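Visitor: Following this message is one structure expressed as structure tokens.
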Amino acid sequence: MLLIPLSSHSGRPAEISAREKQNKPILSFAELPEFTILPGKILYDRYCAFCHGNTGKGDGLNAFSMRKRPANLQNILRDLSVETVEKVIFSGGPAVKLSGQMPAFGSTLSAGQLTKLQKYLRQQIQTAPGRQMKQTTGMP
Amino acid sequence: MDTLRRYFFIFSILLAAVCIALILRESRTAWKPYQQRYRSFLEESAGTAAEKKIARQFVPGVRQDWLPTLSRADRCRSCHIGVDNPAAPDVQPLSPHDDIDRHPPAKFGCTICHGGRGYATRLPDAHREMVPVRAMESSCGKCHRPAALAEQAPTYSTGSKLIERYNCNGCHLFADRGRRKHAGPDLTGVAGKVSRHWLSLWLGQPERYLPRARMPNFLLKATEIRLLSDFLLGNEHLFKGADQFYADSAKEEKVLAGMDMDGLDALADEGKIIFARLRCLTCHKLHGRGGSLAPELEKIAAKSNRKWLHAWLKSPSLYDPQTIMPAFTMTAGERLAVVEYLLWESEVEDDEAEIKTEPAGSPAQLSAENQRQGMKLFVEKGCYNCHLVSGVAVKNNFAPSLADFADKKIRTIDFRKTTIAHTAEDYVAAKLQAPRIFGDKLKMPLFNLTPVEIGRITTVILGQTTRIPESLRHKNALEPTVPPLGDVGGLFARYRCLSCHRIGANGGDLAPDLTYEGSKVKRQWLIAYLQKPYAIRPFLVARMPRFNMNPAEAALLADYITMVLRNRKIDSAMVGDQGDPEYGKKLYVEKYDCRKCHPIGRDGGYFGPPLDSVGSRLTRSWMSLRLQNAHAIEPQSREPVLAIPPADRDHLLLFLQSLTGEL
């Protein structure tokens, strides 16, 4: 913690001294809360969230109008290999004998985009059983 | 002679010692063990003959990327030798670099993104002043434009939007964007708008009036607040358009004076309905709901008076020519109702916002001397960088330029006697948290930022450099378009279309891009939509305001859009007309299962727009292109690339065209 000596200045208005009294420590860059946004989040929000839900629970806005509910990614990702996930995203549900409602994104996403999406899925969506979802950083 | 010999002997010994020391030093270089490890890894993992040959031919030595265009010579790869080999072991310093093909080190080197000392071959010299990992995206902005980074570098892109929001580039110069003037409202006629009480509060503590205020706290003294208020409230004579702006006020006051309490309540109820119909919440926020493009209306009753609000609703541009607020077509009665509703809705119960900056009982002294001093203060504090006041001279270069912040040597930054760590990122973060920490006389105000926002803004500032040659800097993809003139231009100005919509490189990002709208929608649909806009996607709240355009205005705008805003590629899309709509319907339902996203009637998902009347809304060529590759025309589209083969496409197209809303 970097505590800055902010006293001994006379003749300053009341508001500043109120601020100084709070003695709010100045955070160093490393101490700032998580502010980075994973590039995969943008892709997830654009293509996946509407059915699979913002946190991957399979409760997106569109989930309730589908014949079969979209998968709860929080639970199933643990058991799926990177290759399987890639296959589902690139070739759609039928490629792994799952619902045809999952479209193929093979012509939409590049390999680089898929890597970013996978990273986001693994880091932010996939959860260990019973553990709380890690808060994703978004605009406050 | 003896002395000379003795000297010769001593110097020979010294020279020999230096030579031996140099040889020893060379044989114990920092990179050597890493390269040996890498070599043995290559030998062990080599399977094919070709791989074995590569391993055998490995030559140890300093690896240098010489980049004359960037005037850099990076030797980082002497230790980080596996960066461009995806099979390299995942231990630093040998680890491979993700996605290296986009920026091959032979072309870009390492330090252009990562910072540090490229020519050093030893630790810790090599890693001095590196870009912190958390702020890695700052380097994307060195070459790429912020607009192109929304997906690749979301942290930078969000930070960039924050810089626009808080108008950092009003005072500071940035390398990746131009200067923006007048992010705040024109203050020439502010005396007719706000009370002295409110103004003092706002100047002293903007965050007390609006917790998310964009206006920073200038940490003003009580006397300064009084002088500034005197200046701002005393310059009414400068507001030249006042007579025209307040023309109808007397009439409206008379109407209100003839009303009793019940009448006013009824008026407010009527105003509530009109307020909702006009969709004011698209831009304004009220009770936590609504957009953030325009000021919050939560406590508007404490800020603005009735007379001003009436006049403002009638013609905003008379008060502030730069405003983004459109002029709605309303009758005088409707304006009265909306204002009544706003004042009723935002009434502050008790005066909790009482301020102590002004001594009680002192009358407002609008002396000429105070006003003169206030004006001086207005210029000194740099208020003119955001607010226009006619008669106040505007100067450029108010604040230090940030355009070359990344190029600055850390030792040239004055940290004073603070305990802030001497790094660029900590300097910016500290400055944003406590702007006067590096000196009492500094002018930078305190912005109302969360720590997360501070991190993102710091990321952008760390990427400001002027040392990238123009040949490597990406230009804005879109050229600024010439705004329409004449009658159409008048409508664009009146309804402020470009506050939300974008055409080419001009305009806002709140609403859909209209650059190629003419190739997309049909004229008849557009005329109806402009008069009675609705939400095209069912999951969105309708946001396009109802301007109460008359049919002639709507037709004129629709003519302009469908004639001018076109794209040759879309217009000339191949469209066949041989097909069977019935078979197309079968494809729609079974093969492509479009209904999982698009509804027709009550059947289907809520992701895509309803297709009930898509045949009368969209042009054939647009639909045809969407069925092939939505991303070719709208790269941000949420629809995946469907790549429907031409044989199926024509059937589907005919089916979609038959959907004209008459089921």
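For the structure tokens, the naming scheme is as follows: chains receive sequential letters (A, B, ...) according to their order of presentation, residues are indexed from 1 within each chain, and ligands are indexed from 1 in presentation order.
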Can you work out which residues from chain B touch chain A at a cut-off of 7 Å (counting only C-alpha atoms) and hand them back as a PDB file with N, CA and C atoms, in the first residue's frame?
Guide:
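Written file, selection_16.pdb:
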```pdb
ATOM      1  N   ARG B 134      -0.711  -6.355 -17.727  1.00  0.00           N
ATOM      2  CA  ARG B 134      -2.113  -5.941 -17.650  1.00  0.00           C
ATOM      3  C   ARG B 134      -2.433  -4.862 -18.663  1.00  0.00           C
ATOM      4  N   GLU B 151     -12.847  -5.629 -31.066  1.00  0.00           N
ATOM      5  CA  GLU B 151     -12.842  -7.063 -30.803  1.00  0.00           C
ATOM      6  C   GLU B 151     -11.456  -7.554 -30.396  1.00  0.00           C
ATOM      7  N   GLN B 152     -10.421  -7.032 -31.032  1.00  0.00           N
ATOM      8  CA  GLN B 152      -9.070  -7.534 -30.786  1.00  0.00           C
ATOM      9  C   GLN B 152      -8.524  -7.068 -29.439  1.00  0.00           C
ATOM     10  N   ALA B 153      -8.819  -5.824 -29.094  1.00  0.00           N
ATOM     11  CA  ALA B 153      -8.270  -5.255 -27.851  1.00  0.00           C
ATOM     12  C   ALA B 153      -9.389  -4.550 -27.097  1.00  0.00           C
ATOM     13  N   PRO B 154     -10.296  -5.323 -26.499  1.00  0.00           N
ATOM     14  CA  PRO B 154     -11.470  -4.694 -25.878  1.00  0.00           C
ATOM     15  C   PRO B 154     -11.132  -3.758 -24.718  1.00  0.00           C
ATOM     16  N   THR B 155     -10.053  -4.037 -23.988  1.00  0.00           N
ATOM     17  CA  THR B 155      -9.719  -3.159 -22.867  1.00  0.00           C
ATOM     18  C   THR B 155      -9.312  -1.783 -23.389  1.00  0.00           C
ATOM     19  N   LEU B 219     -11.837  21.097  -7.605  1.00  0.00           N
ATOM     20  CA  LEU B 219     -11.281  21.394  -6.284  1.00  0.00           C
ATOM     21  C   LEU B 219     -11.145  22.904  -6.086  1.00  0.00           C
ATOM     22  N   LEU B 220     -12.266  23.602  -6.336  1.00  0.00           N
ATOM     23  CA  LEU B 220     -12.254  25.057  -6.300  1.00  0.00           C
ATOM     24  C   LEU B 220     -12.420  25.566  -4.873  1.00  0.00           C
ATOM     25  N   LYS B 221     -11.850  26.742  -4.623  1.00  0.00           N
ATOM     26  CA  LYS B 221     -12.074  27.403  -3.337  1.00  0.00           C
ATOM     27  C   LYS B 221     -13.426  28.104  -3.404  1.00  0.00           C
ATOM     28  N   ALA B 222     -13.999  28.421  -2.219  1.00  0.00           N
ATOM     29  CA  ALA B 222     -15.314  29.056  -2.178  1.00  0.00           C
ATOM     30  C   ALA B 222     -15.318  30.370  -2.952  1.00  0.00           C
ATOM     31  N   THR B 418       6.770  12.003  -3.500  1.00  0.00           N
ATOM     32  CA  THR B 418       5.762  10.981  -3.203  1.00  0.00           C
ATOM     33  C   THR B 418       6.429   9.614  -3.128  1.00  0.00           C
ATOM     34  N   THR B 419       5.667   8.682  -2.595  1.00  0.00           N
ATOM     35  CA  THR B 419       6.193   7.311  -2.517  1.00  0.00           C
ATOM     36  C   THR B 419       5.690   6.449  -3.668  1.00  0.00           C
ATOM     37  N   ILE B 420       5.127   7.098  -4.680  1.00  0.00           N
ATOM     38  CA  ILE B 420       4.641   6.361  -5.853  1.00  0.00           C
ATOM     39  C   ILE B 420       5.840   5.682  -6.531  1.00  0.00           C
ATOM     40  N   GLU B 425       3.163   3.556 -15.566  1.00  0.00           N
ATOM     41  CA  GLU B 425       1.787   3.159 -15.290  1.00  0.00           C
ATOM     42  C   GLU B 425       1.337   3.617 -13.904  1.00  0.00           C
ATOM     43  N   ASP B 426       2.259   3.581 -12.932  1.00  0.00           N
ATOM     44  CA  ASP B 426       1.888   4.036 -11.600  1.00  0.00           C
ATOM     45  C   ASP B 426       1.704   5.549 -11.566  1.00  0.00           C
ATOM     46  N   ALA B 429      -1.787   6.168 -13.078  1.00  0.00           N
ATOM     47  CA  ALA B 429      -2.831   5.711 -12.159  1.00  0.00           C
ATOM     48  C   ALA B 429      -2.946   6.651 -10.962  1.00  0.00           C
ATOM     49  N   ALA B 430      -1.816   7.089 -10.431  1.00  0.00           N
ATOM     50  CA  ALA B 430      -1.832   8.000  -9.271  1.00  0.00           C
ATOM     51  C   ALA B 430      -2.401   9.356  -9.657  1.00  0.00           C
ATOM     52  N   GLN B 433      -6.059   9.257  -9.811  1.00  0.00           N
ATOM     53  CA  GLN B 433      -6.715   9.110  -8.508  1.00  0.00           C
ATOM     54  C   GLN B 433      -6.600  10.371  -7.680  1.00  0.00           C
ATOM     55  N   PRO B 451     -11.905   2.535  -9.989  1.00  0.00           N
ATOM     56  CA  PRO B 451     -10.571   1.959 -10.223  1.00  0.00           C
ATOM     57  C   PRO B 451     -10.491   1.177 -11.533  1.00  0.00           C
ATOM     58  N   VAL B 452     -11.585   0.512 -11.921  1.00  0.00           N
ATOM     59  CA  VAL B 452     -11.571  -0.234 -13.179  1.00  0.00           C
ATOM     60  C   VAL B 452     -11.405   0.732 -14.357  1.00  0.00           C
ATOM     61  N   GLY B 455      -7.845   1.909 -14.643  1.00  0.00           N
ATOM     62  CA  GLY B 455      -6.987   0.928 -15.306  1.00  0.00           C
ATOM     63  C   GLY B 455      -7.110   1.000 -16.816  1.00  0.00           C
ATOM     64  N   ARG B 456      -8.340   1.148 -17.295  1.00  0.00           N
ATOM     65  CA  ARG B 456      -8.550   1.149 -18.746  1.00  0.00           C
ATOM     66  C   ARG B 456      -8.034   2.430 -19.383  1.00  0.00           C
ATOM     67  N   LYS B 596     -35.238 -21.156 -35.108  1.00  0.00           N
ATOM     68  CA  LYS B 596     -34.634 -21.175 -33.766  1.00  0.00           C
ATOM     69  C   LYS B 596     -34.187 -19.767 -33.350  1.00  0.00           C
ATOM     70  N   GLY B 604     -41.148 -19.227 -33.053  1.00  0.00           N
ATOM     71  CA  GLY B 604     -39.730 -19.016 -33.298  1.00  0.00           C
ATOM     72  C   GLY B 604     -39.012 -18.332 -32.152  1.00  0.00           C
ATOM     73  N   GLY B 605     -37.702 -18.183 -32.333  1.00  0.00           N
ATOM     74  CA  GLY B 605     -36.857 -17.606 -31.281  1.00  0.00           C
ATOM     75  C   GLY B 605     -36.904 -16.100 -31.266  1.00  0.00           C
ATOM     76  N   TYR B 606     -36.149 -15.534 -30.356  1.00  0.00           N
ATOM     77  CA  TYR B 606     -36.190 -14.084 -30.191  1.00  0.00           C
ATOM     78  C   TYR B 606     -34.871 -13.411 -30.514  1.00  0.00           C
ATOM     79  N   PHE B 607     -33.986 -14.134 -31.171  1.00  0.00           N
ATOM     80  CA  PHE B 607     -32.659 -13.574 -31.403  1.00  0.00           C
ATOM     81  C   PHE B 607     -32.673 -12.638 -32.605  1.00  0.00           C
ATOM     82  N   ARG B 638     -24.512 -10.541 -35.739  1.00  0.00           N
ATOM     83  CA  ARG B 638     -24.584 -11.670 -34.825  1.00  0.00           C
ATOM     84  C   ARG B 638     -24.950 -12.955 -35.554  1.00  0.00           C
ATOM     85  N   PRO B 640     -24.350 -15.987 -37.823  1.00  0.00           N
ATOM     86  CA  PRO B 640     -23.156 -16.629 -38.359  1.00  0.00           C
ATOM     87  C   PRO B 640     -23.179 -16.629 -39.887  1.00  0.00           C
ATOM     88  N   VAL B 641     -22.033 -16.882 -40.492  1.00  0.00           N
ATOM     89  CA  VAL B 641     -21.986 -16.998 -41.950  1.00  0.00           C
ATOM     90  C   VAL B 641     -22.753 -18.264 -42.332  1.00  0.00           C
TER      91      VAL B 641
END
```
Visitor: Mind checking which residues fall within 7 Å of Gly189 in chain B, counting only C-alpha atoms, ignoring those fewer than 2 positions away in the same chain, and posting them as an NGL selection string?
Guide: :B and (187 or 191-192 or 236 or 239)
Visitor: Only C-alpha atoms, please: the residues just picked out, written as a PDB file, in the first residue's frame.
Guide:
```
ATOM      1  CA  LEU B 187     -22.838  28.181 -21.316  1.00  0.00           C
ATOM      2  CA  ALA B 191     -28.119  32.411 -16.522  1.00  0.00           C
ATOM      3  CA  GLY B 192     -31.616  31.727 -17.816  1.00  0.00           C
ATOM      4  CA  GLU B 236     -26.788  37.000 -20.190  1.00  0.00           C
ATOM      5  CA  PHE B 239     -26.759  35.298 -25.412  1.00  0.00           C
TER       6      PHE B 239
END
```
Visitor: Quick one: everything within 12 Å of Lys475 in chain B, counting only C-alpha atoms, minus sequence neighbours fewer than 6 positions away in the same chain. Send it as a list in words.
Guide: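 My reading of the contact set: Gly141, Lys142, Cys143, His144, Arg145, Pro146, Ala147, Ala148, Asp176, Arg177 and Ala505 of chain B.
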Visitor: Report as an mmCIF file with N, CA and C atoms, in the first residue's frame all protein, DNA and RNA residues lying within 8 Å of Leu659 in chain B, evaluated on only C-alpha atoms, omitting residues in the same chain fewer than 2 positions from it.
Guide:
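See out_26.cif below for the written result:
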```
data_model
loop_
_atom_site.group_PDB
_atom_site.id
_atom_site.type_symbol
_atom_site.label_atom_id
_atom_site.label_comp_id
_atom_site.auth_asym_id
_atom_site.auth_seq_id
_atom_site.Cartn_x
_atom_site.Cartn_y
_atom_site.Cartn_z
ATOM 1 N N LEU B 611 -39.614 -12.147 -39.111
ATOM 2 C CA LEU B 611 -39.592 -12.116 -40.571
ATOM 3 C C LEU B 611 -40.996 -11.987 -41.158
ATOM 4 N N ASP B 612 -41.998 -11.675 -40.329
ATOM 5 C CA ASP B 612 -43.386 -11.593 -40.797
ATOM 6 C C ASP B 612 -43.520 -10.750 -42.062
ATOM 7 N N SER B 613 -42.841 -9.598 -42.034
ATOM 8 C CA SER B 613 -43.022 -8.711 -43.173
ATOM 9 C C SER B 613 -41.668 -8.359 -43.790
ATOM 10 N N VAL B 614 -40.747 -9.318 -43.723
ATOM 11 C CA VAL B 614 -39.400 -9.030 -44.201
ATOM 12 C C VAL B 614 -39.401 -8.733 -45.701
ATOM 13 N N GLY B 615 -40.368 -9.308 -46.408
ATOM 14 C CA GLY B 615 -40.438 -9.096 -47.853
ATOM 15 C C GLY B 615 -40.720 -7.651 -48.218
ATOM 16 N N SER B 616 -41.439 -6.948 -47.343
ATOM 17 C CA SER B 616 -41.697 -5.548 -47.672
ATOM 18 C C SER B 616 -40.674 -4.620 -47.021
ATOM 19 N N PHE B 655 -39.331 -17.462 -50.801
ATOM 20 C CA PHE B 655 -40.214 -17.634 -49.640
ATOM 21 C C PHE B 655 -40.198 -16.384 -48.768
ATOM 22 N N LEU B 656 -39.003 -15.876 -48.491
ATOM 23 C CA LEU B 656 -38.889 -14.690 -47.632
ATOM 24 C C LEU B 656 -39.569 -13.484 -48.279
ATOM 25 N N GLN B 657 -39.453 -13.394 -49.583
ATOM 26 C CA GLN B 657 -40.086 -12.271 -50.281
ATOM 27 C C GLN B 657 -41.603 -12.329 -50.206
ATOM 28 N N GLY B 661 -46.271 -9.556 -44.441
ATOM 29 C CA GLY B 661 -47.060 -9.103 -43.300
ATOM 30 C C GLY B 661 -48.515 -9.482 -43.397
ATOM 31 N N GLU B 662 -48.947 -9.993 -44.554
ATOM 32 C CA GLU B 662 -50.358 -10.393 -44.689
ATOM 33 C C GLU B 662 -50.408 -11.906 -44.631
ATOM 34 N N LEU B 663 -50.482 -12.427 -43.425
ATOM 35 C CA LEU B 663 -50.447 -13.887 -43.280
ATOM 36 C C LEU B 663 -51.857 -14.462 -43.362
#
```
Visitor: How would you write, as a PyMOL selection string, the set of residues in range 20-111 of chain B that DSSP gives as alpha helix (DSSP H)?
Guide: chain B and resi 20-27+31-45+49-56+105-108+111
Visitor: Can you measure CA of Leu281 in chain B to CA of Asp265 in chain B for me? One decimal in Å is fine.
Guide: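 CA of Asp265 in chain B lies at a distance of 21.6 Å from CA of Leu281 in chain B.
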Visitor: Between CA of Asp320 in chain B and CA of Pro185 in chain B, what is the distance, to one decimal in Å?
Guide: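 It comes out at 6.8 Å.
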Visitor: Mind checking which residues fall within 12 Å of Lys97 in chain A, counting only C-alpha atoms, ignoring those fewer than 4 positions away in the same chain, and posting them as a PyMOL selection string?
Guide: chain A and resi 84+87-88+91-93+101-102
Visitor: I'd like the neighbourhood of Met136 in chain B as a ChimeraX atom specification, where a residue qualifies if any of its atoms comes within 9 Å (using only C-alpha atoms), though same-chain residues fewer than 3 positions away should be ignored.
Guide: /B:113-114,131-133,139-140,459
Visitor: With N, CA, C and O atoms retained, could you export that selection as a JSON list (two decimals), in the first residue's frame?
Guide:
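The new file part12.json reads:
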```json
[["chain", "number", "residue", "atom", "x", "y", "z"],
["B", 113, "CYS", "N", 5.95, -3.70, -29.05],
["B", 113, "CYS", "CA", 4.77, -3.99, -28.23],
["B", 113, "CYS", "C", 5.13, -4.09, -26.74],
["B", 113, "CYS", "O", 4.42, -3.57, -25.89],
["B", 114, "HIS", "N", 6.21, -4.80, -26.44],
["B", 114, "HIS", "CA", 6.47, -5.14, -25.04],
["B", 114, "HIS", "C", 7.30, -4.10, -24.30],
["B", 114, "HIS", "O", 7.41, -4.17, -23.09],
["B", 131, "VAL", "N", 6.35, -2.80, -20.84],
["B", 131, "VAL", "CA", 4.92, -2.55, -20.72],
["B", 131, "VAL", "C", 4.34, -3.62, -19.80],
["B", 131, "VAL", "O", 4.57, -4.81, -20.03],
["B", 132, "PRO", "N", 3.62, -3.25, -18.72],
["B", 132, "PRO", "CA", 3.09, -4.28, -17.83],
["B", 132, "PRO", "C", 2.09, -5.18, -18.55],
["B", 132, "PRO", "O", 1.39, -4.73, -19.48],
["B", 133, "VAL", "N", 2.04, -6.44, -18.13],
["B", 133, "VAL", "CA", 1.20, -7.41, -18.83],
["B", 133, "VAL", "C", -0.26, -6.96, -18.82],
["B", 133, "VAL", "O", -0.97, -7.10, -19.81],
["B", 139, "SER", "N", -0.28, -1.31, -26.41],
["B", 139, "SER", "CA", 0.56, -1.29, -27.59],
["B", 139, "SER", "C", -0.22, -1.46, -28.88],
["B", 139, "SER", "O", 0.26, -1.07, -29.94],
["B", 140, "CYS", "N", -1.42, -2.05, -28.81],
["B", 140, "CYS", "CA", -2.21, -2.21, -30.03],
["B", 140, "CYS", "C", -2.52, -0.85, -30.64],
["B", 140, "CYS", "O", -2.56, -0.69, -31.84],
["B", 459, "THR", "N", -4.34, 2.26, -19.61],
["B", 459, "THR", "CA", -3.93, 1.42, -20.73],
["B", 459, "THR", "C", -3.82, 2.23, -22.02],
["B", 459, "THR", "O", -2.87, 2.08, -22.78]]
```
Visitor: Find the residues near Glu83 in chain A: any atom within 12 Å, counting only C-alpha atoms, skip ones fewer than 6 places away on the same chain, and give them as a list of chain:residue names.
Guide: A:Leu77, A:Ile89, A:Phe90, A:Ser91, A:Val96, A:Leu114, A:Thr115, A:Gln118
Visitor: Once you have the residues from the selection above, write them out as an mmCIF file, in the first residue's frame, restricted to all heavy atoms.
Guide:
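Output saved as result-v9.cif:
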```
data_model
loop_
_atom_site.group_PDB
_atom_site.id
_atom_site.type_symbol
_atom_site.label_atom_id
_atom_site.label_comp_id
_atom_site.auth_asym_id
_atom_site.auth_seq_id
_atom_site.Cartn_x
_atom_site.Cartn_y
_atom_site.Cartn_z
ATOM 1 N N LEU A 77 -18.519 -27.984 -19.701
ATOM 2 C CA LEU A 77 -17.188 -27.696 -20.254
ATOM 3 C C LEU A 77 -16.085 -28.511 -19.593
ATOM 4 O O LEU A 77 -15.116 -28.891 -20.224
ATOM 5 C CB LEU A 77 -16.877 -26.205 -20.123
ATOM 6 C CG LEU A 77 -17.352 -25.332 -21.279
ATOM 7 C CD1 LEU A 77 -17.151 -23.869 -20.951
ATOM 8 C CD2 LEU A 77 -16.607 -25.670 -22.560
ATOM 9 N N ILE A 89 -18.168 -26.006 -32.049
ATOM 10 C CA ILE A 89 -18.298 -24.615 -32.488
ATOM 11 C C ILE A 89 -18.126 -24.519 -34.006
ATOM 12 O O ILE A 89 -18.889 -23.832 -34.684
ATOM 13 C CB ILE A 89 -17.270 -23.730 -31.765
ATOM 14 C CG1 ILE A 89 -17.573 -23.699 -30.261
ATOM 15 C CG2 ILE A 89 -17.294 -22.312 -32.312
ATOM 16 C CD1 ILE A 89 -16.569 -22.936 -29.436
ATOM 17 N N PHE A 90 -17.149 -25.232 -34.537
ATOM 18 C CA PHE A 90 -16.869 -25.102 -35.966
ATOM 19 C C PHE A 90 -17.898 -25.815 -36.838
ATOM 20 O O PHE A 90 -18.291 -25.318 -37.879
ATOM 21 C CB PHE A 90 -15.459 -25.638 -36.266
ATOM 22 C CG PHE A 90 -14.430 -24.547 -36.323
ATOM 23 C CD1 PHE A 90 -14.699 -23.297 -35.774
ATOM 24 C CD2 PHE A 90 -13.203 -24.744 -36.930
ATOM 25 C CE1 PHE A 90 -13.779 -22.272 -35.818
ATOM 26 C CE2 PHE A 90 -12.258 -23.719 -36.985
ATOM 27 C CZ PHE A 90 -12.549 -22.493 -36.429
ATOM 28 N N SER A 91 -18.329 -27.005 -36.418
ATOM 29 C CA SER A 91 -19.180 -27.788 -37.305
ATOM 30 C C SER A 91 -20.609 -27.899 -36.829
ATOM 31 O O SER A 91 -21.437 -28.530 -37.491
ATOM 32 C CB SER A 91 -18.596 -29.198 -37.467
ATOM 33 O OG SER A 91 -17.214 -29.117 -37.681
ATOM 34 N N VAL A 96 -21.267 -33.665 -33.444
ATOM 35 C CA VAL A 96 -20.948 -34.518 -32.296
ATOM 36 C C VAL A 96 -22.221 -35.175 -31.772
ATOM 37 O O VAL A 96 -22.334 -35.479 -30.589
ATOM 38 C CB VAL A 96 -20.250 -33.711 -31.168
ATOM 39 C CG1 VAL A 96 -18.847 -33.361 -31.560
ATOM 40 C CG2 VAL A 96 -21.048 -32.470 -30.828
ATOM 41 N N LEU A 114 -11.310 -18.479 -32.553
ATOM 42 C CA LEU A 114 -11.730 -19.653 -31.793
ATOM 43 C C LEU A 114 -10.842 -19.843 -30.563
ATOM 44 O O LEU A 114 -11.341 -20.158 -29.478
ATOM 45 C CB LEU A 114 -11.678 -20.895 -32.687
ATOM 46 C CG LEU A 114 -12.177 -22.134 -31.965
ATOM 47 C CD1 LEU A 114 -13.689 -22.144 -31.908
ATOM 48 C CD2 LEU A 114 -11.659 -23.393 -32.585
ATOM 49 N N THR A 115 -9.538 -19.634 -30.736
ATOM 50 C CA THR A 115 -8.634 -19.759 -29.589
ATOM 51 C C THR A 115 -9.031 -18.783 -28.494
ATOM 52 O O THR A 115 -9.056 -19.116 -27.305
ATOM 53 C CB THR A 115 -7.188 -19.467 -30.031
ATOM 54 O OG1 THR A 115 -6.963 -20.117 -31.266
ATOM 55 C CG2 THR A 115 -6.197 -19.915 -28.996
ATOM 56 N N GLN A 118 -12.193 -19.975 -26.836
ATOM 57 C CA GLN A 118 -11.910 -21.108 -25.945
ATOM 58 C C GLN A 118 -11.298 -20.633 -24.635
ATOM 59 O O GLN A 118 -11.655 -21.100 -23.560
ATOM 60 C CB GLN A 118 -10.919 -22.059 -26.629
ATOM 61 C CG GLN A 118 -11.550 -22.908 -27.702
ATOM 62 C CD GLN A 118 -11.661 -24.366 -27.274
ATOM 63 O OE1 GLN A 118 -11.690 -24.663 -26.091
ATOM 64 N NE2 GLN A 118 -11.733 -25.265 -28.237
#
```
Visitor: Nearest to Gly608 in chain B: which of B:Val589, B:Leu228, B:Val482, B:Ile536 is it, counting only C-alpha atoms?
Guide: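 Checking each of B:Val589, B:Leu228, B:Val482, B:Ile536 against Gly608 in chain B, counting only C-alpha atoms, the winner is B:Ile536.
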Visitor: Check range 278-379 of chain B with DSSP on the backbone and list each residue it calls strand (DSSP E), as a ChimeraX atom specification.
Guide: /B:285-286,289-290
